[in-house]
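Presented below is the structure to which this report refers.
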Amino acid sequence: MSILIVSVQNDYTTNKVLHWFQYYNIPFKRINIDDTIDIIEEFAKLNFQEFTGYWYRRGNLINFNNHDNIDIEIKKYLKENNRKIIEYFEYKMMKKKNLNSFFNSDLNKLIVLKIAEELQLSIPKFQLLKNTKSIDKFKKIYKTINKDGNIFDYKNQCVFNVLTQEHRENIDYDFSPTLFQDKIEKKHEIRIFFIDDSFYCAAILSQRNSETSIDFRTIGEQERNRIIPYSLPSTIQIKLRQLMAKLKMNSGVIDMIVTSLNEYIFLEVNPVGHFGLISYHCNYGIEKKIAKFYKNEKK
């Protein structure tokens, strides 16, 4: 009996975890998703009875980049057909010991924020805006709604990508409805890895560097920011567990900030986010813990 792992080629996180699978002699089969693989054909080769666990790490399971010569209407039909097959595949695999799901890997950020608010987690005030004129005098932070971070520029009739950044009111133009959040002055950022009801947290002391004060990922975060283990208050842990239960997730990376008044602000949760930063700097050994999760060991 073995564990089925779906990932992408050269994913550092997957490779690190599988080193521990090998150490503990946990049998596994890894399927790498890329632009050429026919995932339906790959799944058709599998004997699902041989697997006791499933880990969806990354990869588009309904990628049609290898069918460029097919008529667009036929492609739409096949894509929907394949989606149903993948749904059935995951329906069966999610009955086994599992972490993550392809169909739960791209959450609706707006819905997640509202659920968090309903659970009495503090969130930044946000607006969906379509024009720079709509932005009030207070500083806002642009946040992506879709996973690719793209917005549509009506004036130039083009789709473009903008990294998370402070938006300034010195340019007047229209764009597709885009999420803007109030800029909150923070004491530090918190990155949290949640797995099997446990939290592994790191405080990222990014405020001393002006280039990382808005987002520590802007430049060389490992070299320029101090990252230390952190303990969440029990009240915040309870609410985050409730949030993950509502989202039907047993694993994911949660981002929060702590204000100068020690208020905890929830930002987002990424089901397939990177946790290597937390694991390395805080010596948590998360990759080892994932292997032990499938080995049915707690420590």
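In the structure tokens, chains take the letters A, B, ... in the order shown, each chain's residues start at 1, and ligands count up from 1 in the order shown.
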
Quick one: everything within 7 Å of A:Leu128, counting only C-alpha atoms, minus sequence neighbours fewer than 5 positions away in the same chain. Send it as a PDB file with N, CA, C and O atoms, in the first residue's frame.
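And here's result-v6.pdb as it stands now:
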ATOM      1  N   PRO A 177     -12.878  44.999 -11.891  1.00  0.00           N
ATOM      2  CA  PRO A 177     -13.083  45.048 -10.439  1.00  0.00           C
ATOM      3  C   PRO A 177     -11.926  44.376  -9.690  1.00  0.00           C
ATOM      4  O   PRO A 177     -11.598  43.216  -9.931  1.00  0.00           O
ATOM      5  N   THR A 178     -11.327  45.136  -8.803  1.00  0.00           N
ATOM      6  CA  THR A 178     -10.090  44.715  -8.154  1.00  0.00           C
ATOM      7  C   THR A 178     -10.186  44.956  -6.652  1.00  0.00           C
ATOM      8  O   THR A 178     -10.778  45.931  -6.204  1.00  0.00           O
ATOM      9  N   LEU A 179      -9.599  44.048  -5.903  1.00  0.00           N
ATOM     10  CA  LEU A 179      -9.650  44.114  -4.445  1.00  0.00           C
ATOM     11  C   LEU A 179      -8.615  45.101  -3.911  1.00  0.00           C
ATOM     12  O   LEU A 179      -7.430  45.009  -4.224  1.00  0.00           O
ATOM     13  N   PHE A 180      -9.098  46.054  -3.108  1.00  0.00           N
ATOM     14  CA  PHE A 180      -8.208  46.974  -2.405  1.00  0.00           C
ATOM     15  C   PHE A 180      -8.522  46.885  -0.915  1.00  0.00           C
ATOM     16  O   PHE A 180      -9.679  46.891  -0.508  1.00  0.00           O
TER      17      PHE A 180
END

Can you tell me which residues surround stretch 234-240 of chain A at a distance of at most 8 Å, considering only C-alpha atoms, apart from same-chain residues fewer than 3 positions away, and format the answer as a ChimeraX atom specification? /A:119-121,199,243-244,264

Just all heavy atoms for this one: save the residues we selected as an mmCIF file, in the first residue's frame.
data_model
loop_
_atom_site.group_PDB
_atom_site.id
_atom_site.type_symbol
_atom_site.label_atom_id
_atom_site.label_comp_id
_atom_site.auth_asym_id
_atom_site.auth_seq_id
_atom_site.Cartn_x
_atom_site.Cartn_y
_atom_site.Cartn_z
ATOM 1 N N LEU A 119 -16.552 34.682 11.705
ATOM 2 C CA LEU A 119 -15.998 33.950 12.851
ATOM 3 C C LEU A 119 -15.318 34.892 13.837
ATOM 4 O O LEU A 119 -14.635 34.451 14.759
ATOM 5 C CB LEU A 119 -15.005 32.893 12.351
ATOM 6 C CG LEU A 119 -15.621 31.749 11.536
ATOM 7 C CD1 LEU A 119 -14.529 30.882 10.924
ATOM 8 C CD2 LEU A 119 -16.533 30.896 12.414
ATOM 9 N N GLN A 120 -15.495 36.182 13.602
ATOM 10 C CA GLN A 120 -14.974 37.235 14.484
ATOM 11 C C GLN A 120 -13.447 37.332 14.461
ATOM 12 O O GLN A 120 -12.828 37.747 15.442
ATOM 13 C CB GLN A 120 -15.500 37.049 15.910
ATOM 14 C CG GLN A 120 -17.017 37.173 15.996
ATOM 15 C CD GLN A 120 -17.547 37.113 17.416
ATOM 16 O OE1 GLN A 120 -16.993 36.423 18.264
ATOM 17 N NE2 GLN A 120 -18.608 37.848 17.677
ATOM 18 N N LEU A 121 -12.866 36.953 13.335
ATOM 19 C CA LEU A 121 -11.471 37.285 13.087
ATOM 20 C C LEU A 121 -11.432 38.690 12.501
ATOM 21 O O LEU A 121 -12.244 39.027 11.632
ATOM 22 C CB LEU A 121 -10.845 36.297 12.103
ATOM 23 C CG LEU A 121 -10.433 34.928 12.657
ATOM 24 C CD1 LEU A 121 -10.224 33.935 11.528
ATOM 25 C CD2 LEU A 121 -9.174 35.044 13.511
ATOM 26 N N PHE A 199 -0.670 23.979 14.615
ATOM 27 C CA PHE A 199 -0.149 25.201 14.022
ATOM 28 C C PHE A 199 1.360 25.283 14.201
ATOM 29 O O PHE A 199 1.877 25.006 15.290
ATOM 30 C CB PHE A 199 -0.780 26.436 14.690
ATOM 31 C CG PHE A 199 -2.257 26.565 14.485
ATOM 32 C CD1 PHE A 199 -3.149 26.120 15.460
ATOM 33 C CD2 PHE A 199 -2.772 27.143 13.338
ATOM 34 C CE1 PHE A 199 -4.514 26.247 15.290
ATOM 35 C CE2 PHE A 199 -4.136 27.272 13.149
ATOM 36 C CZ PHE A 199 -5.003 26.817 14.121
ATOM 37 N N LEU A 243 -12.285 28.318 11.012
ATOM 38 C CA LEU A 243 -12.196 28.760 9.624
ATOM 39 C C LEU A 243 -11.794 27.593 8.715
ATOM 40 O O LEU A 243 -12.419 27.361 7.672
ATOM 41 C CB LEU A 243 -11.181 29.898 9.498
ATOM 42 C CG LEU A 243 -10.869 30.360 8.068
ATOM 43 C CD1 LEU A 243 -12.104 30.978 7.427
ATOM 44 C CD2 LEU A 243 -9.708 31.346 8.062
ATOM 45 N N MET A 244 -10.759 26.856 9.105
ATOM 46 C CA MET A 244 -10.298 25.743 8.284
ATOM 47 C C MET A 244 -11.371 24.665 8.180
ATOM 48 O O MET A 244 -11.523 24.025 7.126
ATOM 49 C CB MET A 244 -9.002 25.174 8.851
ATOM 50 C CG MET A 244 -7.846 26.169 8.881
ATOM 51 S SD MET A 244 -7.404 26.821 7.257
ATOM 52 C CE MET A 244 -6.304 25.524 6.677
ATOM 53 N N TYR A 264 -4.672 41.058 16.122
ATOM 54 C CA TYR A 264 -4.372 40.065 15.086
ATOM 55 C C TYR A 264 -5.318 40.263 13.909
ATOM 56 O O TYR A 264 -6.542 40.232 14.062
ATOM 57 C CB TYR A 264 -4.509 38.654 15.655
ATOM 58 C CG TYR A 264 -3.390 38.296 16.615
ATOM 59 C CD1 TYR A 264 -3.405 38.759 17.936
ATOM 60 C CD2 TYR A 264 -2.311 37.531 16.198
ATOM 61 C CE1 TYR A 264 -2.375 38.451 18.816
ATOM 62 C CE2 TYR A 264 -1.276 37.218 17.071
ATOM 63 C CZ TYR A 264 -1.311 37.680 18.371
ATOM 64 O OH TYR A 264 -0.294 37.385 19.233
#

Could you give me, as a list in words, the residues within 6 Å of A:Ser7, counting only C-alpha atoms and dropping anything in the same chain fewer than 5 positions from it?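 Close residues of A:Ser7: Asn32, Arg57, Arg58 and Gly59 of chain A.
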
Would you export the selected residues with N, CA, C and O atoms as a PDB file, in the first residue's frame, please?
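See out-v7.pdb below for the written result:
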ATOM      1  N   ASN A  32       3.879  13.906 -11.777  1.00  0.00           N
ATOM      2  CA  ASN A  32       4.204  15.317 -12.021  1.00  0.00           C
ATOM      3  C   ASN A  32       3.341  15.859 -13.151  1.00  0.00           C
ATOM      4  O   ASN A  32       3.267  15.262 -14.227  1.00  0.00           O
ATOM      5  N   ARG A  57      -0.360  18.279  -4.060  1.00  0.00           N
ATOM      6  CA  ARG A  57       0.549  19.377  -3.737  1.00  0.00           C
ATOM      7  C   ARG A  57       0.375  20.549  -4.702  1.00  0.00           C
ATOM      8  O   ARG A  57       0.086  21.663  -4.292  1.00  0.00           O
ATOM      9  N   ARG A  58       0.529  20.308  -5.991  1.00  0.00           N
ATOM     10  CA  ARG A  58       0.392  21.373  -6.981  1.00  0.00           C
ATOM     11  C   ARG A  58       0.110  20.768  -8.355  1.00  0.00           C
ATOM     12  O   ARG A  58       0.309  19.586  -8.578  1.00  0.00           O
ATOM     13  N   GLY A  59      -0.327  21.644  -9.285  1.00  0.00           N
ATOM     14  CA  GLY A  59      -0.515  21.214 -10.667  1.00  0.00           C
ATOM     15  C   GLY A  59      -1.955  21.347 -11.120  1.00  0.00           C
ATOM     16  O   GLY A  59      -2.894  21.125 -10.355  1.00  0.00           O
TER      17      GLY A  59
END

So which one's closest to A:Glu185, A:Glu287, A:Asp11, A:Glu263, A:Asp34? Using only C-alpha atoms, please.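 Closest residue, counting only C-alpha atoms: A:Glu263.
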
What separation in Å, quoted to one decimal, exists between atom CA of A:Gln9 and atom CA of A:Ile33?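 Atom-to-atom, atom CA of A:Gln9 to atom CA of A:Ile33, that is 7.0 Å.
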
What gap, in Å, lies between atom CA of A:Ile37 and atom CA of A:Asn82?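 Separation between atom CA of A:Ile37 and atom CA of A:Asn82: 13.5 Å.
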
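Of the residues under consideration (A:Ile26, A:Ile123, A:Val269, A:Leu78), A:Val269 shows the shortest atom-to-atom contact distance to A:Arg191 when counting only C-alpha atoms.
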
From A:Lys45, A:Lys186, A:Lys114, A:Lys95, residue lying nearest A:Val258 [only C-alpha atoms]: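 Ranked by minimum distance to A:Val258, first place goes to A:Lys186.
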
Mind pulling up the distance from atom CA of A:Phe103 to atom CA of A:Lys79?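 Separation of atom CA of A:Lys79 and atom CA of A:Phe103: 14.5 Å.
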
Shortest interatomic distance to A:Val272 - which of A:Ile228, A:Val112, A:Ala202, A:Ile195, counting only C-alpha atoms: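 When distances to A:Val272 are compared using only C-alpha atoms, the smallest one comes from A:Ile195.
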
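Secondary structure of stretch 10-45 of chain A, helix (DSSP H, G or I) only (DSSP, backbone atoms): Tyr12, Thr13, Thr14, Asn15, Lys16, Val17, Leu18, His19, Trp20, Phe21, Gln22, Tyr23, Ile39, Ile40, Glu41, Glu42, Phe43 and Ala44 of chain A.
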
Convert the current residue selection to file output with N, CA and C atoms, as an mmCIF file, in the first residue's frame.
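Result saved to again.cif:
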data_model
loop_
_atom_site.group_PDB
_atom_site.id
_atom_site.type_symbol
_atom_site.label_atom_id
_atom_site.label_comp_id
_atom_site.auth_asym_id
_atom_site.auth_seq_id
_atom_site.Cartn_x
_atom_site.Cartn_y
_atom_site.Cartn_z
ATOM 1 N N TYR A 12 10.387 22.064 -4.960
ATOM 2 C CA TYR A 12 11.332 21.884 -3.856
ATOM 3 C C TYR A 12 10.651 21.265 -2.640
ATOM 4 N N THR A 13 9.452 21.745 -2.325
ATOM 5 C CA THR A 13 8.734 21.251 -1.149
ATOM 6 C C THR A 13 8.434 19.760 -1.270
ATOM 7 N N THR A 14 7.922 19.346 -2.433
ATOM 8 C CA THR A 14 7.624 17.930 -2.640
ATOM 9 C C THR A 14 8.881 17.081 -2.486
ATOM 10 N N ASN A 15 9.963 17.538 -3.084
ATOM 11 C CA ASN A 15 11.220 16.781 -3.009
ATOM 12 C C ASN A 15 11.680 16.597 -1.564
ATOM 13 N N LYS A 16 11.586 17.678 -0.772
ATOM 14 C CA LYS A 16 12.020 17.604 0.628
ATOM 15 C C LYS A 16 11.167 16.605 1.421
ATOM 16 N N VAL A 17 9.850 16.653 1.195
ATOM 17 C CA VAL A 17 8.957 15.736 1.914
ATOM 18 C C VAL A 17 9.255 14.290 1.522
ATOM 19 N N LEU A 18 9.502 14.062 0.234
ATOM 20 C CA LEU A 18 9.722 12.691 -0.231
ATOM 21 C C LEU A 18 11.042 12.108 0.266
ATOM 22 N N HIS A 19 11.993 12.972 0.606
ATOM 23 C CA HIS A 19 13.206 12.470 1.260
ATOM 24 C C HIS A 19 12.842 11.771 2.577
ATOM 25 N N TRP A 20 11.873 12.350 3.286
ATOM 26 C CA TRP A 20 11.431 11.750 4.547
ATOM 27 C C TRP A 20 10.570 10.511 4.300
ATOM 28 N N PHE A 21 9.819 10.498 3.216
ATOM 29 C CA PHE A 21 9.090 9.278 2.848
ATOM 30 C C PHE A 21 10.082 8.134 2.673
ATOM 31 N N GLN A 22 11.170 8.416 1.978
ATOM 32 C CA GLN A 22 12.177 7.388 1.745
ATOM 33 C C GLN A 22 12.843 6.966 3.057
ATOM 34 N N TYR A 23 13.093 7.938 3.914
ATOM 35 C CA TYR A 23 13.723 7.643 5.212
ATOM 36 C C TYR A 23 12.856 6.687 6.038
ATOM 37 N N ILE A 39 -3.277 13.770 -18.000
ATOM 38 C CA ILE A 39 -3.523 13.321 -16.637
ATOM 39 C C ILE A 39 -4.598 12.237 -16.580
ATOM 40 N N ILE A 40 -5.589 12.298 -17.488
ATOM 41 C CA ILE A 40 -6.630 11.270 -17.510
ATOM 42 C C ILE A 40 -6.017 9.917 -17.857
ATOM 43 N N GLU A 41 -5.110 9.926 -18.831
ATOM 44 C CA GLU A 41 -4.430 8.685 -19.211
ATOM 45 C C GLU A 41 -3.582 8.159 -18.061
ATOM 46 N N GLU A 42 -2.911 9.070 -17.336
ATOM 47 C CA GLU A 42 -2.085 8.656 -16.201
ATOM 48 C C GLU A 42 -2.934 8.039 -15.100
ATOM 49 N N PHE A 43 -4.068 8.666 -14.810
ATOM 50 C CA PHE A 43 -4.938 8.138 -13.758
ATOM 51 C C PHE A 43 -5.548 6.793 -14.154
ATOM 52 N N ALA A 44 -5.803 6.625 -15.470
ATOM 53 C CA ALA A 44 -6.409 5.386 -15.954
ATOM 54 C C ALA A 44 -5.489 4.186 -15.718
#

Let me make sure I understand: among A:Asn262, A:Ser231, A:Thr52, A:Ser198, which one has the smallest atom-to-atom distance to A:Met93 if we use only C-alpha atoms?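 When distances to A:Met93 are compared using only C-alpha atoms, the smallest one comes from A:Thr52.
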
Out of A:Asn100, A:Glu189, A:Asn283, A:Asp106, which residue has the shortest atom-to-atom distance to A:Gly252 when counting only C-alpha atoms?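 Result for the nearest residue to A:Gly252: A:Asn100.
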